[in-house]
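First the structure, in the form of structure tokens, and then the observations on it.
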Amino acid sequence: MNLEKLKVRNPNMDILRIIAVLCVIGIHFFYHSGYYYTTNDNAVMYFATVLRTLCSVCVPLFMILSGFLLCNKTLKKGYYSGIRKTIIVYILVAIACMIYKSIVGSYTLTPLTFFTGILDFTGANYSWYIEMYIGLFLLVPFLNIIYKNLDSRKQKNILLITLIAITILPSLFNEFRFDSLEWWANPASNTETQKLIPSWWVGIYPITYYFTGCYIREYGTKIKNIYLIIALVVAVFGFGTFNFYRCYGSTFTTANYVYWYGIEPYVMSVLIFLIISKIKLENINVKAKFALWKISDLVLGTYLLSFIFDAIYYYEFLNKNTTDFYARFPFMPLMILCVFVSALISSGIINLIAAGIEFCYKKICNLCKEKFSKKHIDEPKQFKH
């Protein structure tokens with residue numbers, strides 16, 4: 001146990017990372033259990049829609065965490081090596097996923113598909129986040145220069161408001177029809193909506209979340225947690241009710257406001273982040289703090305490896321032994337727990353292998369440096385002769 005690192009580690013961030021991965025597994029439950037093929041028209045589906053709405057904070061929480069934790073990073077020697085472990089874990093998981101898919105017959109594994117599956121991020125089915133994160137990581141020092149060089153809180157407010165306006169707000173203002181009263185009575189009958197504000201820049205939403213994390217790290221909030229919790233409950237049920245209304249009598253409508261650049265995930269993830277970050281954990285038990293650290297450290301692998309266990313638990317067990325979403329919904333907590341624990345243990349194995357690869361890599365680099373240095377020391381002696 002590294003007590004020095006443990007002392008300076010923020011357990012609130014570990015808790016947020018664990019919540020985020022549980023929400024990832026939770027939102028995948030709805031994808032694999034038939035929710036999106038079931039008509040929303042009763043109390044069970046209303047409750048399921050509210051839970052699905054809450055789980056949409058998963059990826060946004062990771063992105064806010066990036067801003068919170070990386071906001072002080074600068075472009076200096078060794079910065080880019082900080083992504084090495086992430087890449088190694090991703091490659092190992094991609095290999096594991098491709099092997100699994102080839103065994104079950106859904107993937108043809110050849111030398112070509114082996115390399116292309118890693119390079120085009122299709123080998124591991126949930127690896128789109130890694131593709132995004134690599135770009136974000138490369139931009140971080142430059143994003144920090146922008147943020148740090150703003151002279152005042154007012155300027156940082158304007159930066160954040162501007163980004164929210166061009167990436168998040170289009171999902172609020174461009175998802176309705178104001179020329180038809182009939183549409184409001186049954187919005188699920190017609191998915192065509194009116195565009196009121198520009199939406200070209202919504203694709204840079206990870207930067208909005210990143211700067212949100214930077215802003216929370218610097219300023220936080222003075223609002224008491226009780227009010228933030230009330231706001232979160234209102235938001236979850238308010239957004240959940242709205243989503244149920246939008247797809248009532250039909251299947252779930254995956255409109256822009258429910259995507260990662262949507263107003264719903266943004267509001268809820270910011271509230272959850274503020275609530276958890278304000279909890280006082282200075283006196284938490286050392287063993288509990290250490291356990292949170294280690295579980296948090298395995299979250300990336302857990303996220304990526306959950307694909308394998310989703311396939312196993314849903315399609316080999318749950319879906320084969322139940323008839324529809326109504327029969328599967330009560331098993332949601334159990335399925336999340338099973339996938340999480342299985343993926344977490346597997347992530348531990350992957351991380352051990354990754355640590356071994358990193359150790360060998362550093363050893364080789366050190367040997368090369370020593371050999372290179374020795375060569376330059378010996379060269380002047382040769383010239384003397």
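Residues are named by chain letter and number: chains run A, B, ... in the order of the structure tokens, numbers start at 1 in each chain, and ligands are numbered from 1 in the order shown.
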- Could you pull the residues within 12 Å of Ala94 (chain A), counting only C-alpha atoms, minus those fewer than 4 positions along the same chain, as a PyMOL selection string? chain A and resi 87-90+98-101+109+113-128+130+301+304-308+350
Limited to C-alpha atoms, could you put the picked residues into a file as a compact mmCIF listing (two decimals), in the first residue's frame?
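Saved to out-v6.txt:
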```
# COMPACT_ATOMS: atom_id res chain seq x y z
CA ILE A 87 -3.38 2.22 -24.75
CA ILE A 88 -1.90 -1.02 -23.41
CA VAL A 89 -5.11 -1.90 -21.54
CA TYR A 90 -7.18 -1.08 -24.63
CA MET A 98 -11.67 -10.48 -30.74
CA ILE A 99 -10.73 -13.91 -29.39
CA TYR A 100 -14.10 -14.21 -27.65
CA LYS A 101 -16.02 -13.15 -30.77
CA LEU A 109 -9.97 -13.56 -36.76
CA THR A 113 -8.53 -8.36 -38.87
CA PHE A 114 -6.35 -8.70 -35.77
CA PHE A 115 -4.49 -5.48 -36.57
CA THR A 116 -7.38 -3.61 -38.17
CA GLY A 117 -9.62 -4.51 -35.23
CA ILE A 118 -7.17 -2.75 -32.92
CA LEU A 119 -6.47 0.22 -35.17
CA ASP A 120 -10.06 0.99 -36.18
CA PHE A 121 -11.46 0.36 -32.67
CA THR A 122 -13.87 -2.37 -33.80
CA GLY A 123 -12.11 -5.23 -32.02
CA ALA A 124 -13.49 -4.14 -28.65
CA ASN A 125 -17.11 -3.16 -29.23
CA TYR A 126 -17.26 -0.50 -26.50
CA SER A 127 -13.96 1.14 -27.43
CA TRP A 128 -15.36 4.26 -29.14
CA ILE A 130 -10.90 5.26 -26.20
CA GLY A 301 -10.83 -2.31 -18.28
CA LEU A 304 -14.33 -2.25 -22.11
CA LEU A 305 -14.55 -5.89 -20.98
CA SER A 306 -18.21 -5.59 -20.00
CA PHE A 307 -19.01 -6.30 -23.67
CA ILE A 308 -17.94 -9.93 -23.24
CA ILE A 350 -5.62 -7.41 -17.80
```
- Task: With a distance cut-off of 12 Å and only C-alpha atoms, select the neighbouring residues of Ala291 (chain A), excluding the residue or stretch itself and same-chain residues fewer than 3 positions from it, and output the selection as a ChimeraX atom specification.
- Result: /A:1,6,11,14-15,18,284-288,294-298
If you keep C-alpha atoms, can you produce a file of those selected residues as a short mmCIF file (atom, residue, chain, number, x, y, z; two decimals), in the first residue's frame?
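Written output follows (again-v8.cif):
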```
data_model
loop_
_atom_site.label_atom_id
_atom_site.label_comp_id
_atom_site.auth_asym_id
_atom_site.auth_seq_id
_atom_site.Cartn_x
_atom_site.Cartn_y
_atom_site.Cartn_z
CA MET A 1 0.00 0.00 0.00
CA LEU A 6 -3.13 7.37 -0.77
CA PRO A 11 -11.68 9.26 -2.89
CA ASP A 14 -12.83 7.24 -7.26
CA ILE A 15 -16.48 6.99 -6.22
CA ILE A 18 -17.21 3.69 -10.07
CA ILE A 284 -12.61 7.70 5.63
CA ASN A 285 -11.06 4.39 6.71
CA VAL A 286 -7.64 3.83 5.08
CA LYS A 287 -8.59 0.34 3.91
CA ALA A 288 -11.83 1.63 2.38
CA LYS A 294 -7.91 -0.06 -6.62
CA ILE A 295 -11.46 -0.58 -7.91
CA SER A 296 -11.32 2.84 -9.58
CA ASP A 297 -8.01 1.90 -11.20
CA LEU A 298 -9.72 -1.09 -12.87
#
```
- region 47-269 of chain A: which residues are helix (DSSP H, G or I) by DSSP, as a PyMOL selection string? chain A and resi 47-55+58-70+80-104+111-119+128-148+153-167+170-173+181-185+187-189+200-219+225-246+256-258+263-269
- Task: Point out the residue among A:Arg17, A:Lys77, A:Lys156, A:Arg84 with the least atom-to-atom distance to Ile357 (chain A), counting only C-alpha atoms.
- Result: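 Between A:Arg17, A:Lys77, A:Lys156, A:Arg84, the residue approaching Ile357 (chain A) most closely is A:Arg84.
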Spatial neighbours of region 49-64 of chain A, max dist 8 Å, only C-alpha atoms, sep filter under 4 positions, as a tab-separated table (two decimals) with N, CA, C and O atoms, in the first residue's frame:
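out-v3.tsv was written with the following content:
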```
chain	number	residue	atom	x	y	z
A	16	LEU	N	-16.90	8.58	-8.02
A	16	LEU	CA	-17.54	9.05	-9.25
A	16	LEU	C	-17.20	8.13	-10.42
A	16	LEU	O	-18.06	7.83	-11.26
A	17	ARG	N	-15.96	7.68	-10.48
A	17	ARG	CA	-15.55	6.79	-11.57
A	17	ARG	C	-16.30	5.45	-11.47
A	17	ARG	O	-16.72	4.89	-12.49
A	19	ILE	N	-19.28	4.98	-10.01
A	19	ILE	CA	-20.66	5.27	-10.38
A	19	ILE	C	-20.81	5.32	-11.89
A	19	ILE	O	-21.77	4.79	-12.45
A	20	ALA	N	-19.85	5.96	-12.55
A	20	ALA	CA	-19.90	6.10	-14.00
A	20	ALA	C	-19.90	4.74	-14.69
A	20	ALA	O	-20.69	4.49	-15.61
A	21	VAL	N	-19.02	3.82	-14.26
A	21	VAL	CA	-18.96	2.52	-14.93
A	21	VAL	C	-20.20	1.68	-14.61
A	21	VAL	O	-20.67	0.91	-15.47
A	22	LEU	N	-20.77	1.83	-13.42
A	22	LEU	CA	-22.01	1.13	-13.10
A	22	LEU	C	-23.15	1.64	-13.99
A	22	LEU	O	-24.02	0.86	-14.42
A	23	CYS	N	-23.14	2.93	-14.27
A	23	CYS	CA	-24.16	3.51	-15.16
A	23	CYS	C	-23.96	3.04	-16.60
A	23	CYS	O	-24.93	2.85	-17.34
A	24	VAL	N	-22.69	2.84	-17.01
A	24	VAL	CA	-22.41	2.28	-18.34
A	24	VAL	C	-23.04	0.89	-18.45
A	24	VAL	O	-23.76	0.58	-19.40
A	26	GLY	N	-25.35	-0.25	-16.59
A	26	GLY	CA	-26.80	-0.09	-16.46
A	26	GLY	C	-27.47	0.27	-17.77
A	26	GLY	O	-28.52	-0.29	-18.13
A	27	ILE	N	-26.88	1.21	-18.50
A	27	ILE	CA	-27.51	1.63	-19.76
A	27	ILE	C	-27.42	0.53	-20.80
A	27	ILE	O	-28.29	0.42	-21.68
A	30	PHE	N	-30.46	-1.93	-20.81
A	30	PHE	CA	-31.62	-1.59	-21.62
A	30	PHE	C	-31.41	-1.96	-23.09
A	30	PHE	O	-32.36	-2.35	-23.78
A	45	MET	N	-42.96	0.55	-17.76
A	45	MET	CA	-42.12	1.20	-18.77
A	45	MET	C	-41.78	2.63	-18.35
A	45	MET	O	-40.70	3.14	-18.71
A	68	PHE	N	-11.56	17.63	-14.51
A	68	PHE	CA	-11.26	17.86	-13.10
A	68	PHE	C	-9.85	17.39	-12.74
A	68	PHE	O	-9.13	18.06	-12.00
A	206	PRO	N	-17.27	16.75	-26.04
A	206	PRO	CA	-16.31	16.34	-25.00
A	206	PRO	C	-15.51	17.52	-24.44
A	206	PRO	O	-15.14	17.52	-23.26
A	209	TYR	N	-17.61	19.21	-21.77
A	209	TYR	CA	-17.54	18.47	-20.50
A	209	TYR	C	-16.17	18.66	-19.85
A	209	TYR	O	-16.08	18.76	-18.62
A	210	TYR	N	-15.12	18.68	-20.66
A	210	TYR	CA	-13.78	18.86	-20.11
A	210	TYR	C	-13.67	20.19	-19.38
A	210	TYR	O	-13.20	20.25	-18.23
A	211	PHE	N	-14.09	21.27	-20.02
A	211	PHE	CA	-14.02	22.59	-19.39
A	211	PHE	C	-14.97	22.69	-18.19
A	211	PHE	O	-14.71	23.43	-17.24
A	212	THR	N	-16.05	21.93	-18.23
A	212	THR	CA	-16.95	21.88	-17.07
A	212	THR	C	-16.21	21.31	-15.87
A	212	THR	O	-16.32	21.81	-14.75
A	213	GLY	N	-15.44	20.23	-16.10
A	213	GLY	CA	-14.63	19.65	-15.03
A	213	GLY	C	-13.58	20.62	-14.52
A	213	GLY	O	-13.34	20.71	-13.30
A	214	CYS	N	-12.94	21.36	-15.43
A	214	CYS	CA	-11.95	22.37	-15.02
A	214	CYS	C	-12.61	23.43	-14.14
A	214	CYS	O	-12.04	23.84	-13.12
A	236	VAL	N	-34.09	14.07	-12.73
A	236	VAL	CA	-34.22	12.67	-13.16
A	236	VAL	C	-35.67	12.34	-13.50
A	236	VAL	O	-35.97	11.80	-14.57
A	237	PHE	N	-36.59	12.69	-12.59
A	237	PHE	CA	-38.00	12.37	-12.84
A	237	PHE	C	-38.61	13.30	-13.88
A	237	PHE	O	-39.48	12.89	-14.65
A	239	PHE	N	-36.95	14.74	-16.50
A	239	PHE	CA	-36.47	14.28	-17.81
A	239	PHE	C	-37.05	12.91	-18.16
A	239	PHE	O	-37.42	12.65	-19.31
A	240	GLY	N	-37.13	12.03	-17.14
A	240	GLY	CA	-37.68	10.70	-17.38
A	240	GLY	C	-39.13	10.77	-17.81
A	240	GLY	O	-39.57	10.05	-18.73
A	241	THR	N	-39.90	11.63	-17.15
A	241	THR	CA	-41.31	11.81	-17.51
A	241	THR	C	-41.45	12.38	-18.92
A	241	THR	O	-42.29	11.95	-19.71
A	243	ASN	N	-39.28	12.06	-21.38
A	243	ASN	CA	-38.92	11.01	-22.33
A	243	ASN	C	-40.05	10.01	-22.53
A	243	ASN	O	-40.30	9.54	-23.64
A	244	PHE	N	-40.74	9.68	-21.43
A	244	PHE	CA	-41.88	8.77	-21.51
A	244	PHE	C	-43.01	9.40	-22.33
A	244	PHE	O	-43.63	8.73	-23.17
A	258	VAL	N	-31.22	13.04	-25.41
A	258	VAL	CA	-30.82	11.92	-24.55
A	258	VAL	C	-29.40	11.46	-24.85
A	258	VAL	O	-28.86	10.63	-24.12
A	259	TYR	N	-28.80	11.96	-25.95
A	259	TYR	CA	-27.43	11.58	-26.26
A	259	TYR	C	-26.46	12.33	-25.34
A	259	TYR	O	-26.85	13.21	-24.58
A	260	TRP	N	-25.15	11.97	-25.46
A	260	TRP	CA	-24.16	12.57	-24.56
A	260	TRP	C	-24.12	14.09	-24.70
A	260	TRP	O	-23.79	14.78	-23.75
A	264	GLU	N	-30.17	16.65	-21.15
A	264	GLU	CA	-30.47	15.79	-20.00
A	264	GLU	C	-29.21	15.21	-19.35
A	264	GLU	O	-29.00	15.41	-18.14
A	265	PRO	N	-28.36	14.50	-20.10
A	265	PRO	CA	-27.14	13.98	-19.48
A	265	PRO	C	-26.25	15.07	-18.90
A	265	PRO	O	-25.62	14.86	-17.85
A	266	TYR	N	-26.21	16.23	-19.57
A	266	TYR	CA	-25.34	17.30	-19.08
A	266	TYR	C	-25.80	17.79	-17.71
A	266	TYR	O	-24.99	17.87	-16.77
A	268	MET	N	-27.82	16.36	-15.44
A	268	MET	CA	-27.76	15.34	-14.39
A	268	MET	C	-26.33	15.00	-14.00
A	268	MET	O	-26.03	14.83	-12.80
A	269	SER	N	-25.42	14.90	-14.97
A	269	SER	CA	-24.03	14.55	-14.65
A	269	SER	C	-23.34	15.66	-13.86
A	269	SER	O	-22.58	15.37	-12.93
A	270	VAL	N	-23.64	16.91	-14.19
A	270	VAL	CA	-23.07	18.02	-13.42
A	270	VAL	C	-23.58	17.99	-11.98
A	270	VAL	O	-22.80	18.16	-11.03
A	273	PHE	N	-21.94	15.06	-10.14
A	273	PHE	CA	-20.53	15.37	-9.88
A	273	PHE	C	-20.39	16.34	-8.71
A	273	PHE	O	-19.55	16.15	-7.82
```
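The nearest approach to Ile168 (chain A) among the residues A:Ser180, A:Val234, A:Tyr261, A:Lys222, with only C-alpha atoms taken into account, belongs to A:Tyr261.
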Which region 243-322 of chain A residues have any atom within 8 Å of an atom of region 184-205 of chain A, and for each, what is the nearest pair of atoms with distance in Å to one decimal, counting only C-alpha atoms, rows sorted by chain and number, as JSON lines?
```
{"residue": "A:Tyr245", "atom": "CA", "partner": "A:Pro187", "partner_atom": "CA", "distance": 7.9}
{"residue": "A:Arg246", "atom": "CA", "partner": "A:Pro187", "partner_atom": "CA", "distance": 5.6}
{"residue": "A:Cys247", "atom": "CA", "partner": "A:Ala188", "partner_atom": "CA", "distance": 4.9}
{"residue": "A:Tyr248", "atom": "CA", "partner": "A:Ala188", "partner_atom": "CA", "distance": 6.5}
{"residue": "A:Gly249", "atom": "CA", "partner": "A:Ala188", "partner_atom": "CA", "distance": 7.2}
{"residue": "A:Ser250", "atom": "CA", "partner": "A:Ala188", "partner_atom": "CA", "distance": 6.3}
{"residue": "A:Thr253", "atom": "CA", "partner": "A:Ala188", "partner_atom": "CA", "distance": 7.6}
{"residue": "A:Trp260", "atom": "CA", "partner": "A:Tyr205", "partner_atom": "CA", "distance": 7.8}
{"residue": "A:Tyr261", "atom": "CA", "partner": "A:Tyr205", "partner_atom": "CA", "distance": 5.7}
```
May I have a table of the residues of region 71-122 of chain A lying at most 9 Å from region 132-146 of chain A, giving each one's closest pair of atoms and their distance in Å to one decimal, counting only C-alpha atoms, ordered by chain and ascending residue number, as a tab-separated table?
```
residue	atom	partner	partner_atom	distance
A:Cys71	CA	A:Asn144	CA	5.9
A:Asn72	CA	A:Asn144	CA	6.9
A:Lys73	CA	A:Pro141	CA	5.9
A:Thr74	CA	A:Pro141	CA	4.9
A:Leu75	CA	A:Pro141	CA	5.4
A:Lys76	CA	A:Pro141	CA	8.9
A:Tyr79	CA	A:Pro141	CA	8.9
A:Tyr80	CA	A:Leu138	CA	7.6
A:Ile83	CA	A:Phe137	CA	7.6
A:Ile87	CA	A:Ile134	CA	8.7
```
Please produce a file of those selected residues containing N, CA and C atoms, as a compact mmCIF listing (two decimals), in the first residue's frame.
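Heads up, here's the output in selection17.txt:
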```
# COMPACT_ATOMS: atom_id res chain seq x y z
N CYS A 71 -6.75 19.20 -15.43
CA CYS A 71 -6.79 20.65 -15.71
C CYS A 71 -5.45 21.35 -15.45
N ASN A 72 -4.56 20.73 -14.71
CA ASN A 72 -3.26 21.36 -14.43
C ASN A 72 -2.11 20.77 -15.23
N LYS A 73 -2.42 19.88 -16.16
CA LYS A 73 -1.39 19.26 -16.98
C LYS A 73 -0.83 20.27 -17.98
N THR A 74 0.48 20.20 -18.20
CA THR A 74 1.15 21.09 -19.15
C THR A 74 1.93 20.27 -20.17
N LEU A 75 2.30 20.92 -21.27
CA LEU A 75 3.04 20.24 -22.33
C LEU A 75 4.52 20.19 -21.96
N LYS A 76 4.88 19.16 -21.22
CA LYS A 76 6.27 19.00 -20.80
C LYS A 76 6.71 17.57 -21.04
N TYR A 79 4.70 14.00 -20.69
CA TYR A 79 3.24 14.12 -20.67
C TYR A 79 2.59 13.02 -21.49
N TYR A 80 3.05 12.84 -22.72
CA TYR A 80 2.39 11.89 -23.62
C TYR A 80 2.53 10.44 -23.17
N ILE A 83 -0.48 8.40 -21.33
CA ILE A 83 -1.58 7.63 -21.94
C ILE A 83 -1.16 6.20 -22.25
N ILE A 87 -3.53 2.88 -23.45
CA ILE A 87 -3.38 2.22 -24.75
C ILE A 87 -3.11 0.73 -24.58
```
- Residues within 10 Å of Ala327 (chain A), only C-alpha atoms, excluding chain neighbours under 5 positions, as JSON, numbers by chain: {"A": [33, 318, 319, 321, 322]}
Now that the selection is made, can you save its residues with C-alpha atoms as an mmCIF file, in the first residue's frame?
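Final file, part-v4.cif:
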```cif
data_model
loop_
_atom_site.group_PDB
_atom_site.id
_atom_site.type_symbol
_atom_site.label_atom_id
_atom_site.label_comp_id
_atom_site.auth_asym_id
_atom_site.auth_seq_id
_atom_site.Cartn_x
_atom_site.Cartn_y
_atom_site.Cartn_z
ATOM 1 C CA SER A 33 -32.795 -6.740 -22.607
ATOM 2 C CA LEU A 318 -31.266 -14.035 -19.231
ATOM 3 C CA ASN A 319 -32.746 -13.688 -22.705
ATOM 4 C CA ASN A 321 -34.823 -18.018 -20.078
ATOM 5 C CA THR A 322 -37.214 -15.053 -20.242
#
```
- Query: Using only C-alpha atoms, which residues sit within 9 Å of region 276-280 of chain A once same-chain residues fewer than 5 positions away are excluded, as a list in words?
  - Reply: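 Counting only C-alpha atoms, the residues come to Asn12, Met13, Ile15, Leu16, Gly220, Thr221, Lys224, Asn225 and Leu271 of chain A.
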Only N, CA and C atoms, please: the residues just picked out, written as a PDB file, in the first residue's frame.
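Below you can see again.pdb, which holds the result:
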```pdb
ATOM      1  N   ASN A  12     -13.391  10.883  -3.526  1.00  0.00           N
ATOM      2  CA  ASN A  12     -14.630  11.302  -4.181  1.00  0.00           C
ATOM      3  C   ASN A  12     -14.568  11.023  -5.677  1.00  0.00           C
ATOM      4  N   MET A  13     -13.391  11.242  -6.270  1.00  0.00           N
ATOM      5  CA  MET A  13     -13.223  10.996  -7.696  1.00  0.00           C
ATOM      6  C   MET A  13     -13.266   9.502  -8.005  1.00  0.00           C
ATOM      7  N   ILE A  15     -15.058   7.330  -6.316  1.00  0.00           N
ATOM      8  CA  ILE A  15     -16.480   6.987  -6.218  1.00  0.00           C
ATOM      9  C   ILE A  15     -17.206   7.392  -7.496  1.00  0.00           C
ATOM     10  N   LEU A  16     -16.904   8.575  -8.018  1.00  0.00           N
ATOM     11  CA  LEU A  16     -17.539   9.045  -9.252  1.00  0.00           C
ATOM     12  C   LEU A  16     -17.203   8.127 -10.423  1.00  0.00           C
ATOM     13  N   GLY A 220     -16.005  25.045  -7.867  1.00  0.00           N
ATOM     14  CA  GLY A 220     -16.978  24.252  -7.122  1.00  0.00           C
ATOM     15  C   GLY A 220     -18.322  24.939  -7.074  1.00  0.00           C
ATOM     16  N   THR A 221     -19.028  24.766  -5.967  1.00  0.00           N
ATOM     17  CA  THR A 221     -20.301  25.446  -5.773  1.00  0.00           C
ATOM     18  C   THR A 221     -20.564  25.638  -4.280  1.00  0.00           C
ATOM     19  N   LYS A 224     -25.769  24.063  -1.051  1.00  0.00           N
ATOM     20  CA  LYS A 224     -25.753  22.929  -0.135  1.00  0.00           C
ATOM     21  C   LYS A 224     -26.184  21.648  -0.857  1.00  0.00           C
ATOM     22  N   ASN A 225     -25.630  20.526  -0.389  1.00  0.00           N
ATOM     23  CA  ASN A 225     -25.903  19.246  -1.047  1.00  0.00           C
ATOM     24  C   ASN A 225     -27.383  18.877  -1.041  1.00  0.00           C
ATOM     25  N   LEU A 271     -24.857  17.741 -11.799  1.00  0.00           N
ATOM     26  CA  LEU A 271     -25.433  17.680 -10.449  1.00  0.00           C
ATOM     27  C   LEU A 271     -24.823  16.531  -9.645  1.00  0.00           C
TER      28      LEU A 271
END
```
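If you measure from each of A:Phe309, A:Tyr315, A:Phe173, A:Phe331 to Gly262 (chain A) using only C-alpha atoms, the closest one turns out to be A:Phe173.
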- Counting only C-alpha atoms, closest pick from A:Ser171, A:Thr208, A:Thr302, A:Thr39 relative to Leu159 (chain A) is A:Thr208
- Between CA of Asp151 (chain A) and CA of Ala165 (chain A), what is the distance, to one decimal in Å?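 Taking CA of Asp151 (chain A) and CA of Ala165 (chain A), their separation equals 21.4 Å.
When CA of Ile272 (chain A) is paired with CA of Leu344 (chain A), their separation reads 23.0 Å.
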- Just give me the gap between CA of Leu292 (chain A) and CA of Ala354 (chain A) in Å, one decimal is fine.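 Computed distance, CA of Leu292 (chain A) to CA of Ala354 (chain A), equals 20.1 Å.
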